[in-house]
>>> print(open('data_10.pdb').read())   # PDB, C-alpha atoms and all ligand atoms
ATOM      1  CA  MET A   1      50.419  13.869  43.193  1.00  0.00           C
ATOM      2  CA  ASN A   2      53.914  13.156  41.964  1.00  0.00           C
ATOM      3  CA  PHE A   3      55.724  16.463  42.002  1.00  0.00           C
ATOM      4  CA  THR A   4      58.548  18.079  43.953  1.00  0.00           C
ATOM      5  CA  PHE A   5      57.326  21.650  43.498  1.00  0.00           C
ATOM      6  CA  ALA A   6      54.078  23.134  42.189  1.00  0.00           C
ATOM      7  CA  ALA A   7      53.264  26.854  41.937  1.00  0.00           C
ATOM      8  CA  ILE A   8      49.630  27.363  42.914  1.00  0.00           C
ATOM      9  CA  ASP A   9      47.555  30.524  42.902  1.00  0.00           C
ATOM     10  CA  ILE A  10      45.425  30.812  46.048  1.00  0.00           C
ATOM     11  CA  GLY A  11      44.268  34.322  45.148  1.00  0.00           C
ATOM     12  CA  VAL A  12      46.185  36.443  47.667  1.00  0.00           C
ATOM     13  CA  THR A  13      46.242  40.089  46.536  1.00  0.00           C
ATOM     14  CA  LEU A  14      49.255  42.393  46.564  1.00  0.00           C
ATOM     15  CA  GLU A  15      47.507  44.548  49.209  1.00  0.00           C
ATOM     16  CA  GLU A  16      47.075  41.510  51.432  1.00  0.00           C
ATOM     17  CA  LYS A  17      50.696  40.508  50.931  1.00  0.00           C
ATOM     18  CA  ASN A  18      51.948  43.971  51.848  1.00  0.00           C
ATOM     19  CA  ALA A  19      49.666  44.149  54.889  1.00  0.00           C
ATOM     20  CA  MET A  20      50.843  40.716  56.074  1.00  0.00           C
ATOM     21  CA  LEU A  21      54.486  41.717  55.657  1.00  0.00           C
ATOM     22  CA  ASP A  22      53.862  44.859  57.738  1.00  0.00           C
ATOM     23  CA  GLU A  23      52.204  42.724  60.403  1.00  0.00           C
ATOM     24  CA  VAL A  24      55.190  40.351  60.579  1.00  0.00           C
ATOM     25  CA  LEU A  25      57.694  43.218  60.692  1.00  0.00           C
ATOM     26  CA  SER A  26      55.789  44.752  63.627  1.00  0.00           C
ATOM     27  CA  LEU A  27      55.852  41.582  65.767  1.00  0.00           C
ATOM     28  CA  PRO A  28      57.721  41.785  69.085  1.00  0.00           C
ATOM     29  CA  ASP A  29      61.008  39.913  69.655  1.00  0.00           C
ATOM     30  CA  ASP A  30      59.538  37.535  72.217  1.00  0.00           C
ATOM     31  CA  VAL A  31      57.390  35.665  69.676  1.00  0.00           C
ATOM     32  CA  HIS A  32      60.508  34.656  67.674  1.00  0.00           C
ATOM     33  CA  HIS A  33      62.386  31.415  68.187  1.00  0.00           C
ATOM     34  CA  TYR A  34      65.736  30.541  66.588  1.00  0.00           C
ATOM     35  CA  ASN A  35      65.817  27.187  64.806  1.00  0.00           C
ATOM     36  CA  ALA A  36      69.466  26.109  64.883  1.00  0.00           C
ATOM     37  CA  PHE A  37      68.979  23.095  62.597  1.00  0.00           C
ATOM     38  CA  ARG A  38      67.545  25.109  59.701  1.00  0.00           C
ATOM     39  CA  GLY A  39      69.404  28.330  60.508  1.00  0.00           C
ATOM     40  CA  CYS A  40      66.461  30.730  60.637  1.00  0.00           C
ATOM     41  CA  LYS A  41      64.010  32.395  63.009  1.00  0.00           C
ATOM     42  CA  MET A  42      60.502  30.994  63.411  1.00  0.00           C
ATOM     43  CA  ILE A  43      57.254  32.507  64.615  1.00  0.00           C
ATOM     44  CA  ALA A  44      54.340  30.213  65.466  1.00  0.00           C
ATOM     45  CA  ILE A  45      51.038  31.641  64.132  1.00  0.00           C
ATOM     46  CA  TYR A  46      48.507  28.832  64.363  1.00  0.00           C
ATOM     47  CA  ASN A  47      49.249  25.641  66.251  1.00  0.00           C
ATOM     48  CA  GLY A  48      48.377  23.197  68.980  1.00  0.00           C
ATOM     49  CA  GLY A  49      49.832  25.389  71.683  1.00  0.00           C
ATOM     50  CA  GLY A  50      53.405  25.815  72.821  1.00  0.00           C
ATOM     51  CA  ARG A  51      55.931  28.204  71.415  1.00  0.00           C
ATOM     52  CA  LEU A  52      57.420  25.843  68.854  1.00  0.00           C
ATOM     53  CA  GLY A  53      54.126  24.550  67.675  1.00  0.00           C
ATOM     54  CA  SER A  54      54.628  21.008  68.859  1.00  0.00           C
ATOM     55  CA  PRO A  55      51.413  19.391  70.016  1.00  0.00           C
ATOM     56  CA  VAL A  56      50.741  19.792  73.710  1.00  0.00           C
ATOM     57  CA  LYS A  57      49.231  17.093  75.867  1.00  0.00           C
ATOM     58  CA  GLY A  58      45.479  17.224  75.802  1.00  0.00           C
ATOM     59  CA  ILE A  59      45.232  19.003  72.452  1.00  0.00           C
ATOM     60  CA  ASP A  60      44.200  16.725  69.626  1.00  0.00           C
ATOM     61  CA  THR A  61      45.559  18.444  66.525  1.00  0.00           C
ATOM     62  CA  GLN A  62      43.935  15.939  64.165  1.00  0.00           C
ATOM     63  CA  ALA A  63      40.568  17.005  65.520  1.00  0.00           C
ATOM     64  CA  GLY A  64      41.285  20.551  64.415  1.00  0.00           C
ATOM     65  CA  LYS A  65      41.841  21.925  67.894  1.00  0.00           C
ATOM     66  CA  PHE A  66      44.495  24.323  66.733  1.00  0.00           C
ATOM     67  CA  LYS A  67      44.355  27.948  67.676  1.00  0.00           C
ATOM     68  CA  TYR A  68      46.135  31.209  66.952  1.00  0.00           C
ATOM     69  CA  THR A  69      49.141  32.125  69.015  1.00  0.00           C
ATOM     70  CA  LYS A  70      49.801  35.551  70.493  1.00  0.00           C
ATOM     71  CA  ALA A  71      51.689  36.398  67.276  1.00  0.00           C
ATOM     72  CA  GLY A  72      48.787  35.123  65.173  1.00  0.00           C
ATOM     73  CA  ASP A  73      46.389  37.384  67.027  1.00  0.00           C
ATOM     74  CA  LEU A  74      48.655  40.325  66.189  1.00  0.00           C
ATOM     75  CA  CYS A  75      48.294  39.599  62.446  1.00  0.00           C
ATOM     76  CA  PRO A  76      44.632  40.201  61.475  1.00  0.00           C
ATOM     77  CA  THR A  77      45.175  40.259  57.707  1.00  0.00           C
ATOM     78  CA  MET A  78      47.119  37.016  57.883  1.00  0.00           C
ATOM     79  CA  LYS A  79      44.328  35.410  59.912  1.00  0.00           C
ATOM     80  CA  LYS A  80      41.799  36.490  57.291  1.00  0.00           C
ATOM     81  CA  VAL A  81      43.936  35.124  54.448  1.00  0.00           C
ATOM     82  CA  ILE A  82      44.521  31.839  56.303  1.00  0.00           C
ATOM     83  CA  GLU A  83      40.817  31.420  56.941  1.00  0.00           C
ATOM     84  CA  GLU A  84      39.464  32.545  53.584  1.00  0.00           C
ATOM     85  CA  LYS A  85      42.169  31.420  51.170  1.00  0.00           C
ATOM     86  CA  MET A  86      43.934  28.482  52.846  1.00  0.00           C
ATOM     87  CA  PHE A  87      41.535  26.636  55.145  1.00  0.00           C
ATOM     88  CA  PRO A  88      39.089  25.696  52.358  1.00  0.00           C
ATOM     89  CA  TRP A  89      41.683  23.370  50.811  1.00  0.00           C
ATOM     90  CA  LEU A  90      43.771  22.499  53.888  1.00  0.00           C
ATOM     91  CA  VAL A  91      42.452  19.114  54.987  1.00  0.00           C
ATOM     92  CA  PRO A  92      43.134  18.846  57.871  1.00  0.00           C
ATOM     93  CA  HIS A  93      44.169  22.355  58.895  1.00  0.00           C
ATOM     94  CA  GLY A  94      47.945  22.589  59.084  1.00  0.00           C
ATOM     95  CA  ARG A  95      50.188  24.319  61.535  1.00  0.00           C
ATOM     96  CA  VAL A  96      51.109  27.819  60.321  1.00  0.00           C
ATOM     97  CA  THR A  97      54.575  29.202  61.018  1.00  0.00           C
ATOM     98  CA  ILE A  98      56.543  32.188  59.723  1.00  0.00           C
ATOM     99  CA  LEU A  99      60.162  31.549  58.756  1.00  0.00           C
ATOM    100  CA  ARG A 100      62.554  34.483  58.723  1.00  0.00           C
ATOM    101  CA  THR A 101      65.971  33.985  57.167  1.00  0.00           C
ATOM    102  CA  ALA A 102      68.370  36.878  57.705  1.00  0.00           C
ATOM    103  CA  PRO A 103      70.075  38.639  54.756  1.00  0.00           C
ATOM    104  CA  ASP A 104      73.250  36.923  53.523  1.00  0.00           C
ATOM    105  CA  THR A 105      72.284  33.710  55.274  1.00  0.00           C
ATOM    106  CA  GLY A 106      71.519  30.421  53.549  1.00  0.00           C
ATOM    107  CA  LEU A 107      69.611  27.581  55.141  1.00  0.00           C
ATOM    108  CA  ASN A 108      71.208  24.214  55.768  1.00  0.00           C
ATOM    109  CA  VAL A 109      70.131  21.497  53.322  1.00  0.00           C
ATOM    110  CA  HIS A 110      67.429  19.571  55.139  1.00  0.00           C
ATOM    111  CA  LEU A 111      64.389  17.342  54.990  1.00  0.00           C
ATOM    112  CA  ASP A 112      61.192  18.494  56.685  1.00  0.00           C
ATOM    113  CA  SER A 113      60.338  14.891  57.428  1.00  0.00           C
ATOM    114  CA  GLN A 114      61.889  11.693  58.664  1.00  0.00           C
ATOM    115  CA  GLU A 115      63.901   9.578  56.215  1.00  0.00           C
ATOM    116  CA  LYS A 116      61.363   6.757  56.333  1.00  0.00           C
ATOM    117  CA  GLU A 117      58.663   9.200  55.201  1.00  0.00           C
ATOM    118  CA  ILE A 118      60.373   9.892  51.860  1.00  0.00           C
ATOM    119  CA  GLY A 119      57.937   9.170  49.076  1.00  0.00           C
ATOM    120  CA  THR A 120      54.841   9.477  51.279  1.00  0.00           C
ATOM    121  CA  LEU A 121      52.656  12.615  51.188  1.00  0.00           C
ATOM    122  CA  GLN A 122      54.896  15.203  52.874  1.00  0.00           C
ATOM    123  CA  TYR A 123      53.856  18.390  51.118  1.00  0.00           C
ATOM    124  CA  LYS A 124      54.233  21.849  52.626  1.00  0.00           C
ATOM    125  CA  TYR A 125      52.625  25.048  51.463  1.00  0.00           C
ATOM    126  CA  ARG A 126      54.616  28.316  51.269  1.00  0.00           C
ATOM    127  CA  LEU A 127      53.719  31.940  50.610  1.00  0.00           C
ATOM    128  CA  VAL A 128      56.755  34.212  50.285  1.00  0.00           C
ATOM    129  CA  LEU A 129      56.170  37.718  51.685  1.00  0.00           C
ATOM    130  CA  ASN A 130      59.669  39.105  51.279  1.00  0.00           C
ATOM    131  CA  GLY A 131      63.009  38.236  49.684  1.00  0.00           C
ATOM    132  CA  ALA A 132      64.137  36.243  46.675  1.00  0.00           C
ATOM    133  CA  ILE A 133      61.974  33.366  45.488  1.00  0.00           C
ATOM    134  CA  GLY A 134      64.359  31.767  43.003  1.00  0.00           C
ATOM    135  CA  LYS A 135      66.992  30.836  45.597  1.00  0.00           C
ATOM    136  CA  LEU A 136      65.087  27.737  46.671  1.00  0.00           C
ATOM    137  CA  TYR A 137      66.620  24.532  45.370  1.00  0.00           C
ATOM    138  CA  PHE A 138      66.274  20.783  45.613  1.00  0.00           C
ATOM    139  CA  ILE A 139      69.143  18.273  45.549  1.00  0.00           C
ATOM    140  CA  ASP A 140      68.929  15.757  42.693  1.00  0.00           C
ATOM    141  CA  GLU A 141      70.315  12.214  42.451  1.00  0.00           C
ATOM    142  CA  ASP A 142      73.730  13.568  41.341  1.00  0.00           C
ATOM    143  CA  TYR A 143      73.767  16.046  44.242  1.00  0.00           C
ATOM    144  CA  ASN A 144      73.253  19.008  41.915  1.00  0.00           C
ATOM    145  CA  LYS A 145      71.157  21.952  43.059  1.00  0.00           C
ATOM    146  CA  VAL A 146      67.968  22.260  41.007  1.00  0.00           C
ATOM    147  CA  TYR A 147      66.527  25.756  41.438  1.00  0.00           C
ATOM    148  CA  VAL A 148      62.869  26.696  41.171  1.00  0.00           C
ATOM    149  CA  PRO A 149      61.964  29.486  38.691  1.00  0.00           C
ATOM    150  CA  ASP A 150      62.294  33.022  40.030  1.00  0.00           C
ATOM    151  CA  LEU A 151      58.585  33.652  39.445  1.00  0.00           C
ATOM    152  CA  TYR A 152      56.224  32.107  41.970  1.00  0.00           C
ATOM    153  CA  ASP A 153      55.646  33.275  45.535  1.00  0.00           C
ATOM    154  CA  SER A 154      52.923  30.711  46.299  1.00  0.00           C
ATOM    155  CA  TYR A 155      53.753  27.033  46.061  1.00  0.00           C
ATOM    156  CA  VAL A 156      53.609  23.518  47.438  1.00  0.00           C
ATOM    157  CA  LEU A 157      56.840  21.575  47.898  1.00  0.00           C
ATOM    158  CA  ASP A 158      57.718  18.032  48.845  1.00  0.00           C
ATOM    159  CA  GLY A 159      59.228  18.460  52.314  1.00  0.00           C
ATOM    160  CA  SER A 160      60.704  14.954  52.162  1.00  0.00           C
ATOM    161  CA  HIS A 161      62.929  16.011  49.252  1.00  0.00           C
ATOM    162  CA  ALA A 162      66.279  17.505  50.397  1.00  0.00           C
ATOM    163  CA  HIS A 163      66.050  21.268  49.902  1.00  0.00           C
ATOM    164  CA  SER A 164      67.481  24.594  50.990  1.00  0.00           C
ATOM    165  CA  ILE A 165      67.822  28.236  49.986  1.00  0.00           C
ATOM    166  CA  ASP A 166      70.926  30.180  48.971  1.00  0.00           C
ATOM    167  CA  PRO A 167      71.785  33.440  50.748  1.00  0.00           C
ATOM    168  CA  ASP A 168      70.206  36.627  49.440  1.00  0.00           C
ATOM    169  CA  THR A 169      70.758  40.306  50.138  1.00  0.00           C
ATOM    170  CA  LYS A 170      67.197  40.641  51.497  1.00  0.00           C
ATOM    171  CA  GLU A 171      65.618  38.999  54.510  1.00  0.00           C
ATOM    172  CA  LYS A 172      63.383  36.123  53.411  1.00  0.00           C
ATOM    173  CA  ILE A 173      60.001  35.982  55.135  1.00  0.00           C
ATOM    174  CA  THR A 174      57.714  33.077  54.337  1.00  0.00           C
ATOM    175  CA  ILE A 175      54.361  31.847  55.628  1.00  0.00           C
ATOM    176  CA  CYS A 176      54.665  28.079  55.989  1.00  0.00           C
ATOM    177  CA  VAL A 177      51.913  25.521  56.386  1.00  0.00           C
ATOM    178  CA  GLY A 178      52.870  22.009  57.454  1.00  0.00           C
ATOM    179  CA  ALA A 179      51.776  19.013  59.520  1.00  0.00           C
ATOM    180  CA  PRO A 180      49.210  17.781  60.227  1.00  0.00           C
ATOM    181  CA  TRP A 181      48.507  18.971  56.664  1.00  0.00           C
ATOM    182  CA  HIS A 182      50.528  16.830  54.243  1.00  0.00           C
ATOM    183  CA  GLY A 183      48.848  17.541  50.911  1.00  0.00           C
ATOM    184  CA  GLU A 184      45.754  15.392  51.390  1.00  0.00           C
ATOM    185  CA  PRO A 185      43.809  15.308  48.101  1.00  0.00           C
ATOM    186  CA  ASN A 186      40.401  16.995  48.041  1.00  0.00           C
ATOM    187  CA  GLU A 187      38.380  18.728  45.356  1.00  0.00           C
ATOM    188  CA  SER A 188      39.639  22.296  45.696  1.00  0.00           C
ATOM    189  CA  TYR A 189      43.250  21.299  46.330  1.00  0.00           C
ATOM    190  CA  ASN A 190      43.270  18.868  43.391  1.00  0.00           C
ATOM    191  CA  LYS A 191      41.899  21.591  41.151  1.00  0.00           C
ATOM    192  CA  MET A 192      44.683  24.001  42.147  1.00  0.00           C
ATOM    193  CA  ILE A 193      47.348  21.375  41.524  1.00  0.00           C
ATOM    194  CA  LEU A 194      45.784  20.518  38.180  1.00  0.00           C
ATOM    195  CA  ASN A 195      45.823  24.212  37.234  1.00  0.00           C
ATOM    196  CA  ALA A 196      49.322  24.806  38.653  1.00  0.00           C
ATOM    197  CA  LYS A 197      51.176  27.482  36.698  1.00  0.00           C
ATOM    198  CA  PHE A 198      54.355  25.467  36.985  1.00  0.00           C
ATOM    199  CA  LYS A 199      55.235  22.007  38.238  1.00  0.00           C
ATOM    200  CA  MET A 200      58.522  20.152  38.475  1.00  0.00           C
ATOM    201  CA  GLU A 201      59.779  16.785  39.590  1.00  0.00           C
ATOM    202  CA  VAL A 202      63.384  16.336  40.735  1.00  0.00           C
ATOM    203  CA  SER A 203      65.152  12.961  41.033  1.00  0.00           C
ATOM    204  CA  ARG A 204      65.890  11.935  44.623  1.00  0.00           C
ATOM    205  CA  PRO A 205      69.404  11.802  46.079  1.00  0.00           C
ATOM    206  CA  GLN A 206      70.579   9.325  48.698  1.00  0.00           C
ATOM    207  CA  THR A 207      69.943  11.055  52.016  1.00  0.00           C
ATOM    208  CA  LYS A 208      72.978  12.390  53.883  1.00  0.00           C
ATOM    209  CA  PRO A 209      72.785  12.112  57.690  1.00  0.00           C
ATOM    210  CA  GLY A 210      73.305  15.864  58.175  1.00  0.00           C
ATOM    211  CA  TRP A 211      70.080  16.596  56.281  1.00  0.00           C
ATOM    212  CA  LEU A 212      67.920  14.996  58.954  1.00  0.00           C
ATOM    213  CA  ASP A 213      66.561  17.082  61.797  1.00  0.00           C
ATOM    214  CA  PRO A 214      67.791  15.606  65.091  1.00  0.00           C
ATOM    215  CA  GLY A 215      64.587  17.003  66.613  1.00  0.00           C
ATOM    216  CA  HIS A 216      62.401  14.697  64.506  1.00  0.00           C
ATOM    217  CA  LYS A 217      61.188  11.543  66.192  1.00  0.00           C
ATOM    218  CA  LYS A 218      62.673   8.417  64.629  1.00  0.00           C
TER     219      LYS A 218
HETATM  220 FE    FE A 301      62.175  23.113  54.735  1.00  0.00          FE
END
>>> encode(input="data_10.pdb", output="structure tokens")
Amino acid sequence: MNFTFAAIDIGVTLEEKNAMLDEVLSLPDDVHHYNAFRGCKMIAIYNGGGRLGSPVKGIDTQAGKFKYTKAGDLCPTMKKVIEEKMFPWLVPHGRVTILRTAPDTGLNVHLDSQEKEIGTLQYKYRLVLNGAIGKLYFIDEDYNKVYVPDLYDSYVLDGSHAHSIDPDTKEKITICVGAPWHGEPNESYNKMILNAKFKMEVSRPQTKPGWLDPGHKK
């Protein structure tokens, strides 16, 4: 499992993608939260309770006690896709969040993990519903941007590798699956990675302090 980015096909149809995009676009304002560190809006879909998806006292996320949020309940197609096409290989089930990045807005370069977690299993799964897919890049050891191919809307990325997206004319809407899922190997997941349509490994840069989320526990 030594890759920075791997395009995997989880079998989501175009109809499902379009239906999920419609569901997201119909969500009310009050389920959105602005994430100042990343520079985008977030919608919690499946989590341990709480608007931001952080575990709440009394809910043991490792024991799979996650549930759908109000927004999640408003997205029936997404729920079906999560259950039928993601849960079978998500061990344990991860938190599901929608990220919405406004047109003409780039994200800040960031790590989705703590610095000490670099090199451990810190994978995230992404399914892009709207916007450009080739604007995602990783920072290499010489601080160059290494872009992913403009081809794959379904992929796993190493969240402990500094990454970001460049601005695009369209709003970017992505379904994101993260902790407690980290890319734990299991039969169906391993098979998808083995059959990945595209895989790449980028050299790691020295971490800059501004890339670390002040909200992450040290
Ligand atoms: Fe990220």
>>> closest_residue(input="data_10.pdb", among="A:Ala102, A:Val156, A:Val202, A:Leu27", to="A:Phe138", atoms="only C-alpha atoms")
A:Val202
>>> resolve_selection(input="data_10.pdb", expression="the PyMOL selection byres (((chain A and resi 213) around 12) and not hetatm)", output="VMD selection string")
chain A and resid 35 to 39 108 to 115 160 162 207 to 212 214 to 218
>>> resolve_selection(input="data_10.pdb", expression="the PyMOL selection byres (((chain A and resi 7) around 8) and not hetatm)", output="number ranges by chain")
A: 5-6, 8-9, 152-156, 196-199
>>> axis_aligned_box(input="data_10.pdb", around="stretch 123-139 of chain A", padding_each_side="3 Å", output="AutoDock Vina command-line options")
--center_x 60.9 --center_y 28.7 --center_z 47.8 --size_x 22.5 --size_y 26.8 --size_z 15.6
>>> resolve_selection(input="data_10.pdb", expression="the PyMOL selection byres (((chain A and resi 146) around 12) and not hetatm)", output="VMD selection string")
chain A and resid 4 to 5 134 to 145 147 to 149 161 to 166 200 to 205
>>> closest_residue(input="data_10.pdb", among="A:Leu157, A:Met78, A:Leu14, A:Met20", to="ligand FE 301 (chain A)", atoms="all atoms listed in the file")
A:Leu157
>>> closest_residue(input="data_10.pdb", among="A:Leu107, A:Val128, A:Leu21, A:Val81", to="ligand FE 301 (chain A)", atoms="all atoms listed in the file")
A:Leu107
>>> atom_distance(input="data_10.pdb", atom1="atom CA of A:Cys176", atom2="atom CA of A:Leu151")
17.9 Å
>>> atom_distance(input="data_10.pdb", atom1="atom CA of A:Gly48", atom2="atom CA of A:Thr69")
9.0 Å
>>> residues_near_point(input="data_10.pdb", point="(51.5, 42.3, 54.9)", cutoff="10 Å", atoms="all atoms listed in the file", output="PyMOL selection string")
chain A and resi 14-25+75-78+129-130
